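Containing mmCIF, C-alpha atoms: work.cif.
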data_input
#
loop_
_atom_site.label_atom_id
_atom_site.label_comp_id
_atom_site.auth_asym_id
_atom_site.auth_seq_id
_atom_site.Cartn_x
_atom_site.Cartn_y
_atom_site.Cartn_z
CA MET A 1 7.03 42.78 -23.99
CA ARG A 2 3.88 41.27 -25.49
CA GLY A 3 0.58 43.13 -25.75
CA GLY A 4 -2.98 42.11 -24.89
CA GLY A 5 -3.08 38.63 -26.46
CA ASN A 6 -1.89 36.67 -23.39
CA SER A 7 -4.42 34.55 -21.51
CA GLY A 8 -2.79 35.15 -18.12
CA ARG A 9 0.07 37.25 -16.82
CA LEU A 10 1.80 38.46 -13.66
CA TRP A 11 3.90 41.59 -13.46
CA LYS A 12 7.09 40.94 -11.53
CA THR A 13 10.12 42.99 -10.52
CA LEU A 14 13.35 41.38 -11.67
CA SER A 15 16.58 43.32 -11.15
CA GLY A 16 14.54 46.51 -11.03
CA ARG A 17 12.81 45.87 -14.35
CA LEU A 18 9.22 44.90 -15.06
CA SER A 19 8.53 41.65 -16.93
CA VAL A 20 5.46 39.56 -17.69
CA VAL A 21 4.96 35.84 -17.27
CA THR A 22 3.15 34.42 -20.29
CA LEU A 23 1.67 31.06 -21.13
CA GLU A 24 4.60 30.56 -23.51
CA ASP A 25 6.97 31.02 -20.56
CA VAL A 26 5.15 28.32 -18.61
CA ALA A 27 5.16 25.92 -21.58
CA ARG A 28 8.87 26.48 -22.12
CA HIS A 29 9.66 26.07 -18.42
CA ALA A 30 7.65 22.83 -18.26
CA GLY A 31 9.08 21.48 -21.51
CA VAL A 32 5.65 21.01 -23.11
CA SER A 33 3.82 22.44 -26.11
CA LEU A 34 1.87 25.68 -25.90
CA ALA A 35 -1.32 23.73 -26.61
CA THR A 36 -0.72 21.37 -23.67
CA ALA A 37 -0.04 24.25 -21.29
CA SER A 38 -3.20 25.98 -22.47
CA ARG A 39 -5.34 22.90 -21.90
CA VAL A 40 -4.04 22.51 -18.35
CA LEU A 41 -4.21 26.15 -17.27
CA ASN A 42 -7.18 27.48 -19.24
CA GLY A 43 -9.67 24.90 -18.04
CA SER A 44 -10.08 22.90 -21.25
CA THR A 45 -12.29 19.82 -21.09
CA ARG A 46 -9.72 17.95 -23.21
CA GLN A 47 -7.74 15.54 -21.10
CA VAL A 48 -4.04 15.85 -20.36
CA GLY A 49 -2.14 12.99 -18.72
CA ALA A 50 -1.27 13.33 -15.03
CA PRO A 51 2.54 13.60 -15.51
CA LEU A 52 2.24 16.43 -18.05
CA ARG A 53 -0.42 18.18 -15.98
CA ALA A 54 1.83 18.06 -12.91
CA LYS A 55 4.76 19.51 -14.87
CA VAL A 56 2.67 22.41 -16.17
CA GLU A 57 1.11 23.20 -12.79
CA LEU A 58 4.52 23.14 -11.11
CA ALA A 59 6.00 25.45 -13.76
CA ALA A 60 3.08 27.86 -13.37
CA ALA A 61 3.51 27.91 -9.60
CA GLU A 62 7.26 28.48 -9.84
CA LEU A 63 6.82 31.36 -12.29
CA GLY A 64 3.81 32.88 -10.54
CA TYR A 65 1.56 32.55 -13.58
CA ARG A 66 -2.14 33.43 -13.25
CA THR A 67 -4.96 32.57 -15.66
CA ASN A 68 -8.02 34.68 -16.30
CA VAL A 69 -11.69 33.83 -16.39
CA ALA A 70 -12.22 34.97 -19.97
CA ALA A 71 -9.58 32.57 -21.28
CA GLN A 72 -11.11 29.70 -19.35
CA THR A 73 -14.55 30.51 -20.75
CA LEU A 74 -13.19 30.31 -24.30
CA ALA A 75 -11.27 27.10 -23.58
CA ARG A 76 -14.42 25.45 -22.25
CA GLY A 77 -16.13 26.23 -25.53
CA ALA A 78 -18.76 28.72 -24.40
CA SER A 79 -18.62 30.36 -27.83
CA ASN A 80 -20.60 28.62 -30.56
CA VAL A 81 -18.94 30.53 -33.41
CA ILE A 82 -16.31 29.30 -35.88
CA GLY A 83 -14.23 31.79 -37.85
CA LEU A 84 -13.58 30.70 -41.45
CA VAL A 85 -11.04 32.73 -43.42
CA VAL A 86 -10.68 32.03 -47.17
CA HIS A 87 -8.93 33.71 -50.05
CA ASP A 88 -11.86 34.14 -52.43
CA LEU A 89 -15.37 32.86 -51.75
CA THR A 90 -16.39 33.45 -55.38
CA ASP A 91 -13.82 30.82 -56.41
CA PRO A 92 -15.57 27.41 -56.41
CA TYR A 93 -12.45 25.84 -54.88
CA PHE A 94 -12.94 27.80 -51.67
CA ALA A 95 -16.72 27.54 -51.79
CA ALA A 96 -16.52 23.74 -51.85
CA ILE A 97 -14.06 23.61 -48.93
CA ALA A 98 -16.19 26.08 -46.97
CA ASP A 99 -19.28 23.97 -47.61
CA GLY A 100 -17.60 20.91 -46.12
CA ALA A 101 -16.55 22.84 -43.03
CA MET A 102 -19.98 24.40 -42.61
CA ARG A 103 -21.68 21.01 -42.72
CA VAL A 104 -19.52 19.84 -39.81
CA ALA A 105 -20.26 23.05 -37.92
CA GLU A 106 -24.00 22.64 -38.49
CA SER A 107 -23.90 19.05 -37.24
CA GLN A 108 -22.44 20.32 -33.95
CA GLY A 109 -24.78 23.28 -33.55
CA LEU A 110 -22.11 25.86 -34.38
CA MET A 111 -22.36 29.07 -36.37
CA VAL A 112 -19.78 30.09 -39.00
CA MET A 113 -18.45 33.59 -39.68
CA ILE A 114 -16.68 33.90 -43.04
CA GLY A 115 -14.01 36.40 -43.99
CA THR A 116 -12.50 36.83 -47.46
CA THR A 117 -8.92 38.04 -47.84
CA HIS A 118 -8.73 38.33 -51.65
CA ARG A 119 -5.28 36.75 -51.24
CA ASP A 120 -4.01 39.70 -49.19
CA PRO A 121 -1.91 38.23 -46.34
CA GLU A 122 -2.29 41.41 -44.30
CA ARG A 123 -6.07 40.98 -44.31
CA GLU A 124 -5.63 37.38 -43.18
CA ILE A 125 -3.57 38.48 -40.18
CA ALA A 126 -6.14 41.18 -39.38
CA TYR A 127 -8.99 38.66 -39.52
CA VAL A 128 -7.25 36.38 -37.04
CA SER A 129 -6.76 39.31 -34.66
CA THR A 130 -10.43 40.28 -34.96
CA LEU A 131 -11.67 36.73 -34.46
CA ASN A 132 -9.48 36.44 -31.37
CA ALA A 133 -11.05 39.61 -29.96
CA GLN A 134 -14.52 38.18 -30.65
CA ARG A 135 -13.58 34.97 -28.81
CA VAL A 136 -14.68 32.51 -31.47
CA ARG A 137 -14.22 28.87 -30.56
CA ALA A 138 -11.97 27.96 -33.52
CA VAL A 139 -10.41 29.53 -36.60
CA LEU A 140 -10.08 27.73 -39.92
CA LEU A 141 -7.69 29.21 -42.51
CA VAL A 142 -8.12 28.05 -46.11
CA GLY A 143 -5.68 28.92 -48.85
CA SER A 144 -2.09 28.86 -49.97
CA ARG A 145 0.62 30.22 -47.74
CA VAL A 146 2.90 32.89 -49.17
CA THR A 147 6.60 32.61 -49.95
CA ASP A 148 7.56 35.54 -47.68
CA PRO A 149 8.81 34.01 -44.38
CA GLU A 150 8.29 37.24 -42.43
CA THR A 151 4.59 37.32 -43.32
CA THR A 152 4.25 33.70 -42.28
CA ARG A 153 6.04 34.45 -38.99
CA ARG A 154 3.66 37.31 -38.22
CA LEU A 155 0.59 35.22 -38.99
CA ARG A 156 1.90 32.39 -36.86
CA ALA A 157 2.52 34.81 -33.98
CA GLU A 158 -1.07 36.09 -34.24
CA LEU A 159 -2.36 32.52 -34.18
CA ASP A 160 -0.21 31.80 -31.11
CA HIS A 161 -1.82 34.75 -29.31
CA TYR A 162 -5.22 33.30 -30.07
CA ARG A 163 -4.26 29.78 -29.00
CA GLU A 164 -2.81 31.08 -25.73
CA SER A 165 -6.38 32.04 -24.86
CA GLY A 166 -7.57 28.50 -25.47
CA GLY A 167 -8.67 28.93 -29.10
CA ARG A 168 -8.19 26.22 -31.69
CA VAL A 169 -6.86 26.57 -35.22
CA ALA A 170 -6.71 24.41 -38.33
CA CYS A 171 -5.54 25.13 -41.85
CA VAL A 172 -6.11 23.84 -45.36
CA GLY A 173 -2.85 24.53 -47.18
CA GLN A 174 0.85 24.17 -46.49
CA ASN A 175 2.00 22.96 -43.08
CA LEU A 176 3.81 26.13 -41.99
CA LEU A 177 1.76 27.53 -39.11
CA GLY A 178 2.30 24.98 -36.35
CA VAL A 179 -1.40 24.03 -36.28
CA ASP A 180 -3.49 21.08 -37.46
CA THR A 181 -3.30 21.16 -41.25
CA VAL A 182 -4.94 19.37 -44.16
CA VAL A 183 -2.25 19.42 -46.84
CA PRO A 184 -3.12 18.88 -50.51
CA ASP A 185 -0.17 17.09 -52.13
CA ASN A 186 0.19 19.60 -54.95
CA ARG A 187 3.58 18.42 -56.17
CA ARG A 188 2.58 14.79 -56.45
CA GLY A 189 -0.74 15.55 -58.14
CA ALA A 190 0.89 17.79 -60.73
CA ALA A 191 3.64 15.23 -61.36
CA GLU A 192 1.11 12.47 -61.96
CA LEU A 193 -0.80 14.73 -64.34
CA ALA A 194 2.40 15.44 -66.29
CA ARG A 195 3.06 11.72 -66.64
CA ALA A 196 -0.50 11.09 -67.80
CA LEU A 197 -0.31 13.82 -70.43
CA ALA A 198 3.08 12.60 -71.60
CA GLY A 199 1.48 9.16 -71.89
CA LEU A 200 -0.94 10.68 -74.42
CA GLY A 201 2.07 11.59 -76.57
CA HIS A 202 2.52 15.24 -75.59
CA ARG A 203 6.08 16.53 -75.53
CA ASN A 204 5.82 20.34 -75.67
CA PHE A 205 4.03 22.04 -72.78
CA ALA A 206 3.19 25.47 -71.44
CA ILE A 207 2.23 26.09 -67.81
CA LEU A 208 -0.13 28.88 -66.75
CA ALA A 209 1.58 29.25 -63.41
CA GLY A 210 -0.31 31.79 -61.31
CA PRO A 211 1.56 34.26 -59.07
CA ASP A 212 5.06 33.30 -57.96
CA TRP A 213 4.51 34.53 -54.37
CA LEU A 214 1.95 31.83 -53.54
CA ILE A 215 3.30 28.42 -52.53
CA ALA A 216 0.49 26.25 -53.92
CA PRO A 217 0.91 27.24 -57.58
CA ARG A 218 4.68 27.16 -57.18
CA ASP A 219 4.52 23.59 -55.87
CA ARG A 220 2.26 22.53 -58.74
CA VAL A 221 4.64 24.04 -61.27
CA GLU A 222 7.63 22.33 -59.69
CA GLY A 223 5.85 18.97 -59.51
CA PHE A 224 4.87 19.17 -63.18
CA THR A 225 8.25 20.34 -64.46
CA GLY A 226 10.09 17.84 -62.30
CA ALA A 227 8.12 14.94 -63.78
CA LEU A 228 8.80 16.17 -67.33
CA GLU A 229 12.51 16.35 -66.54
CA GLU A 230 12.46 12.79 -65.21
CA LEU A 231 10.83 11.70 -68.47
CA GLY A 232 13.54 13.41 -70.48
CA LEU A 233 11.11 15.89 -72.05
CA PRO A 234 11.81 19.56 -72.86
CA ALA A 235 11.25 22.10 -70.10
CA PRO A 236 7.83 23.74 -70.41
CA ARG A 237 7.30 27.44 -70.99
CA VAL A 238 6.10 28.95 -67.69
CA LEU A 239 3.74 31.93 -67.89
CA HIS A 240 2.72 33.76 -64.71
CA GLY A 241 -0.59 35.52 -64.09
CA SER A 242 -3.17 36.06 -61.38
CA PHE A 243 -4.62 32.92 -59.77
CA ASP A 244 -8.06 33.34 -61.39
CA ARG A 245 -9.92 33.26 -64.71
CA GLU A 246 -8.46 36.58 -65.87
CA GLY A 247 -4.96 35.37 -65.09
CA GLY A 248 -5.54 32.25 -67.16
CA TYR A 249 -7.01 34.25 -70.02
CA GLY A 250 -4.12 36.69 -70.14
CA ALA A 251 -1.39 34.07 -69.82
CA ALA A 252 -2.98 31.93 -72.55
CA THR A 253 -2.67 34.79 -75.05
CA GLN A 254 1.09 34.22 -74.91
CA VAL A 255 0.89 30.49 -75.66
CA ALA A 256 2.26 29.30 -79.00
CA GLY A 257 4.09 26.28 -80.36
CA VAL A 258 2.93 23.73 -77.76
CA THR A 259 0.53 20.82 -77.88
CA CYS A 260 -0.64 20.94 -74.26
CA VAL A 261 -1.28 23.62 -71.64
CA PHE A 262 -1.39 22.96 -67.90
CA ALA A 263 -3.19 25.61 -65.84
CA VAL A 264 -2.34 25.32 -62.14
CA ASN A 265 -5.99 25.60 -61.15
CA ASP A 266 -9.30 25.01 -62.88
CA VAL A 267 -10.44 28.64 -62.97
CA MET A 268 -7.26 29.60 -64.81
CA ALA A 269 -7.97 26.73 -67.21
CA VAL A 270 -11.43 28.18 -67.86
CA GLY A 271 -9.83 31.51 -68.71
CA ALA A 272 -7.42 29.73 -71.06
CA LEU A 273 -10.30 27.97 -72.83
CA ALA A 274 -12.03 31.32 -73.35
CA SER A 275 -8.81 32.88 -74.63
CA PHE A 276 -8.23 30.09 -77.13
CA ARG A 277 -11.85 30.25 -78.29
CA ASP A 278 -11.55 33.99 -78.91
CA ARG A 279 -8.39 33.38 -80.96
CA GLY A 280 -9.98 30.62 -83.01
CA ILE A 281 -7.79 27.93 -81.45
CA ARG A 282 -9.69 24.66 -81.01
CA VAL A 283 -9.47 22.56 -77.84
CA PRO A 284 -8.37 19.78 -77.97
CA GLU A 285 -7.86 19.60 -81.75
CA ASP A 286 -5.23 22.37 -81.83
CA VAL A 287 -4.10 22.35 -78.22
CA SER A 288 -4.96 20.28 -75.15
CA VAL A 289 -5.77 21.95 -71.81
CA ALA A 290 -5.68 20.56 -68.27
CA GLY A 291 -6.35 22.13 -64.88
CA PHE A 292 -6.12 21.22 -61.20
CA ASP A 293 -8.75 20.85 -58.39
CA ASP A 294 -11.79 19.36 -60.25
CA ILE A 295 -14.23 22.07 -59.25
CA PHE A 296 -17.68 20.50 -59.41
CA THR A 297 -19.32 23.51 -61.10
CA LEU A 298 -17.02 23.04 -64.11
CA ARG A 299 -17.71 19.37 -64.77
CA ASP A 300 -20.32 20.23 -67.40
CA LEU A 301 -17.91 22.51 -69.25
CA VAL A 302 -17.58 21.89 -73.01
CA PRO A 303 -15.14 20.39 -73.66
CA SER A 304 -15.06 18.71 -70.24
CA LEU A 305 -11.85 19.58 -68.42
CA SER A 306 -9.00 17.19 -67.66
CA THR A 307 -7.72 17.91 -64.17
CA VAL A 308 -6.45 16.62 -60.83
CA ARG A 309 -9.34 15.88 -58.50
CA LEU A 310 -9.10 16.93 -54.86
CA PRO A 311 -11.85 15.98 -52.37
CA LEU A 312 -12.53 19.63 -51.58
CA ALA A 313 -15.58 19.33 -49.33
CA ASP A 314 -13.96 16.47 -47.42
CA MET A 315 -10.85 18.61 -46.90
CA GLY A 316 -12.90 21.40 -45.32
CA ALA A 317 -14.80 18.94 -43.15
CA ARG A 318 -11.66 17.22 -41.95
CA ALA A 319 -9.92 20.47 -41.12
CA LEU A 320 -12.76 21.59 -38.86
CA GLU A 321 -12.93 18.15 -37.25
CA LEU A 322 -9.25 18.51 -36.38
CA ALA A 323 -9.85 21.96 -34.92
CA LEU A 324 -12.72 20.76 -32.74
CA GLY A 325 -11.35 17.37 -31.71
CA PRO A 326 -8.85 16.33 -29.04
CA PHE A 327 -5.16 16.70 -29.75
CA GLU A 328 -1.72 16.70 -28.20
CA GLU A 329 0.48 18.08 -30.96
CA ALA A 330 -0.31 19.70 -34.30
CA ARG A 331 -1.02 17.17 -37.03
CA ALA A 332 -0.58 17.33 -40.80
CA GLU A 333 -2.77 15.10 -42.95
CA ALA A 334 -1.80 14.84 -46.62
CA VAL A 335 -4.47 14.60 -49.31
CA THR A 336 -3.55 12.98 -52.61
CA GLY A 337 -5.17 14.10 -55.85
CA GLU A 338 -6.49 11.85 -58.61
CA VAL A 339 -5.77 12.50 -62.30
CA ILE A 340 -8.98 12.73 -64.34
CA LEU A 341 -8.57 12.82 -68.13
CA ARG A 342 -11.55 14.22 -70.05
CA GLU A 343 -12.33 15.73 -73.45
CA SER A 344 -10.06 18.80 -73.17
CA THR A 345 -6.97 16.64 -73.72
CA ARG A 346 -6.41 14.25 -76.61
CA GLY A 347 -3.85 11.66 -77.48
CA LEU A 348 -1.34 12.31 -80.23
CA GLY A 349 -0.68 9.62 -82.81
#
Once you've parsed the file, please lay out its structure as structure tokens.
Amino acid sequence: MRGGGNSGRLWKTLSGRLSVVTLEDVARHAGVSLATASRVLNGSTRQVGAPLRAKVELAAAELGYRTNVAAQTLARGASNVIGLVVHDLTDPYFAAIADGAMRVAESQGLMVMIGTTHRDPEREIAYVSTLNAQRVRAVLLVGSRVTDPETTRRLRAELDHYRESGGRVACVGQNLLGVDTVVPDNRRGAAELARALAGLGHRNFAILAGPDWLIAPRDRVEGFTGALEELGLPAPRVLHGSFDREGGYGAATQVAGVTCVFAVNDVMAVGALASFRDRGIRVPEDVSVAGFDDIFTLRDLVPSLSTVRLPLADMGARALELALGPFEEARAEAVTGEVILRESTRGLG
């Protein structure tokens, strides 16, 4: 029996046992999505076609479902607050995405509350629960999903509780939560980078791979290694570390015997550059280095960093637009990266 997250409920006696009618029950009985049922029964201003509306209202009447005033207030958008949950606001990747989302919020007269999880999935789940209790208008989650399916299931369940009350959700990351999602095409971007570096004559690679429990770095590793395999090149050496500068620095200390290093994000690449500098290894004369993301604060780095450019601010803006706009079913919009070759990589003769 579900706890306090339902937007409406009716206690009934069935065969001597108590049960509760939830919005999910109505949606299932009507054969529509949870979002559609919520829009019909929680007083949303977003339009639902007459046939679907009739199906939902009939199902609610048959089951004896009742809405509550608080849910309808949230659905009508009385709150002017957006909840933004990111992994690490000190990482320029997340700062750029947050900036894009905040500009959209500002243009619509909305306030933004920001929570930082430090890549702890339990904190992410707790933030969603708290934002639900505070009745924010929409929640935007930014960051890689984790490889543990049970954690993803629990987060998705918490988001469903929130959406039952009329809240809206969007995500920047992998499309695993059943909500509107802006999806960076990590595999394709990394594969195109591998082909570009191979085109410079590189044959022996190392990958600074980040943690193996996050899906984004895993996808980038698989995209890169898959492209090398297609080209008939040797498999790269894969070195795991934390998804930050320190992780890149530490992993780079283990690099030897390669001509090119791919760090799965730019901040790890910065750590690698510092590690090589401290060891007297010249970039790109002794080893080439490439990253991923094209963080704008690093574009003046010396040597300038080769990378895969993602439109980070645009991704944040688009995600919030999806969360605030009309919808019928959850959408996933892929974002393709662009390979940018700069001074940190050189061609081999």
* Asked: Using only C-alpha atoms, which residues sit within 8 Å of region 52-54 of chain A once same-chain residues fewer than 3 positions away are excluded, as an MDAnalysis selection string?
  -> chainID A and resid 32 40 48:49 57:58
* Asked: So which residues get picked by the PyMOL selection byres ((chain A and resi 334-338) around 8) here, written as a PyMOL selection string?
  -> chain A and resi 182-186+188-189+308-311+315+332-333+339-340
* Asked: Separation of CA of Thr90 (chain A) and CA of Gly210 (chain A), in Å?
  -> 17.2 Å
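Relative to CA of Ser144 (chain A), CA of Val172 (chain A) is found at 7.9 Å.
Closest approach to Pro217 (chain A) from the set A:Ala330, A:Met268, A:Ala194, A:Ala313 is made by A:Met268, with distances taken over only C-alpha atoms.
Closest approach to Thr225 (chain A) among A:Glu192, A:Glu122, A:Asp180, A:Glu106 is made by A:Glu192 (distances from only C-alpha atoms).
Atom pair CA of Ser33 (chain A) / CA of Ala61 (chain A) has a distance of 17.4 Å (rounded to one decimal).
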* Give me the residues within 12 Å of His118 (chain A) as a VMD selection string, counting only C-alpha atoms and dropping any in the same chain fewer than 6 places off. => chain A and resid 85 to 91 94 124 142 to 144 242 to 244
* To do: Might you pull out every residue within 12 Å of Ala274 (chain A), with only C-alpha atoms counted and same-chain residues fewer than 5 positions away left off, and present them as an MDAnalysis selection string?
  => chainID A and resid 245:253 267:269 279:283 289 301:303
* Structure fact -> Among A:Leu140, A:Val81, A:Ala206, A:Asn265, Cys171 (chain A) is approached most closely, using only C-alpha atoms, by A:Leu140
* **Explicit residue set for the PyMOL selection byres ((chain A and resi 212-214) around 7), as an NGL selection string** => :A and (144-147 or 210-211 or 215-218)
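Residues matched by the PyMOL selection byres ((chain A and resi 136) around 10) in this file: A:Leu74, A:Gly77, A:Ala78, A:Ser79, A:Asn80, A:Val81, A:Ile82, A:Gly83, A:Met111, A:Val112, A:Met113, A:Thr130, A:Leu131, A:Asn132, A:Ala133, A:Gln134, A:Arg135, A:Arg137, A:Ala138, A:Val139, A:Tyr162, A:Gly167, A:Arg168.
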* Non-local contacts of Gly347 (chain A) (8 Å; all atoms listed in the file; under 5 positions in same chain excluded) as a count of residues only -> 3
* region 22-31 of chain A surroundings by only C-alpha atoms, 6 Å radius, close-in-sequence under 5 positions cut, as a PyMOL selection string -> chain A and resi 9+37+55-56+59-60
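Nearest to Ile97 (chain A) of all the residues A:Leu239, A:Val21, A:Ala323, A:Leu84 is A:Leu84, counting only C-alpha atoms.
Shortest atom-to-atom contact with Leu208 (chain A) among A:Ala170, A:Gly271, A:Ala196, A:Glu158: A:Gly271, counting all atoms listed in the file.
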* Closest of A:Ala256, A:Ala263, A:Leu233, A:Ala105 to Arg203 (chain A) - atom-to-atom distances counting all atoms listed in the file -> A:Leu233
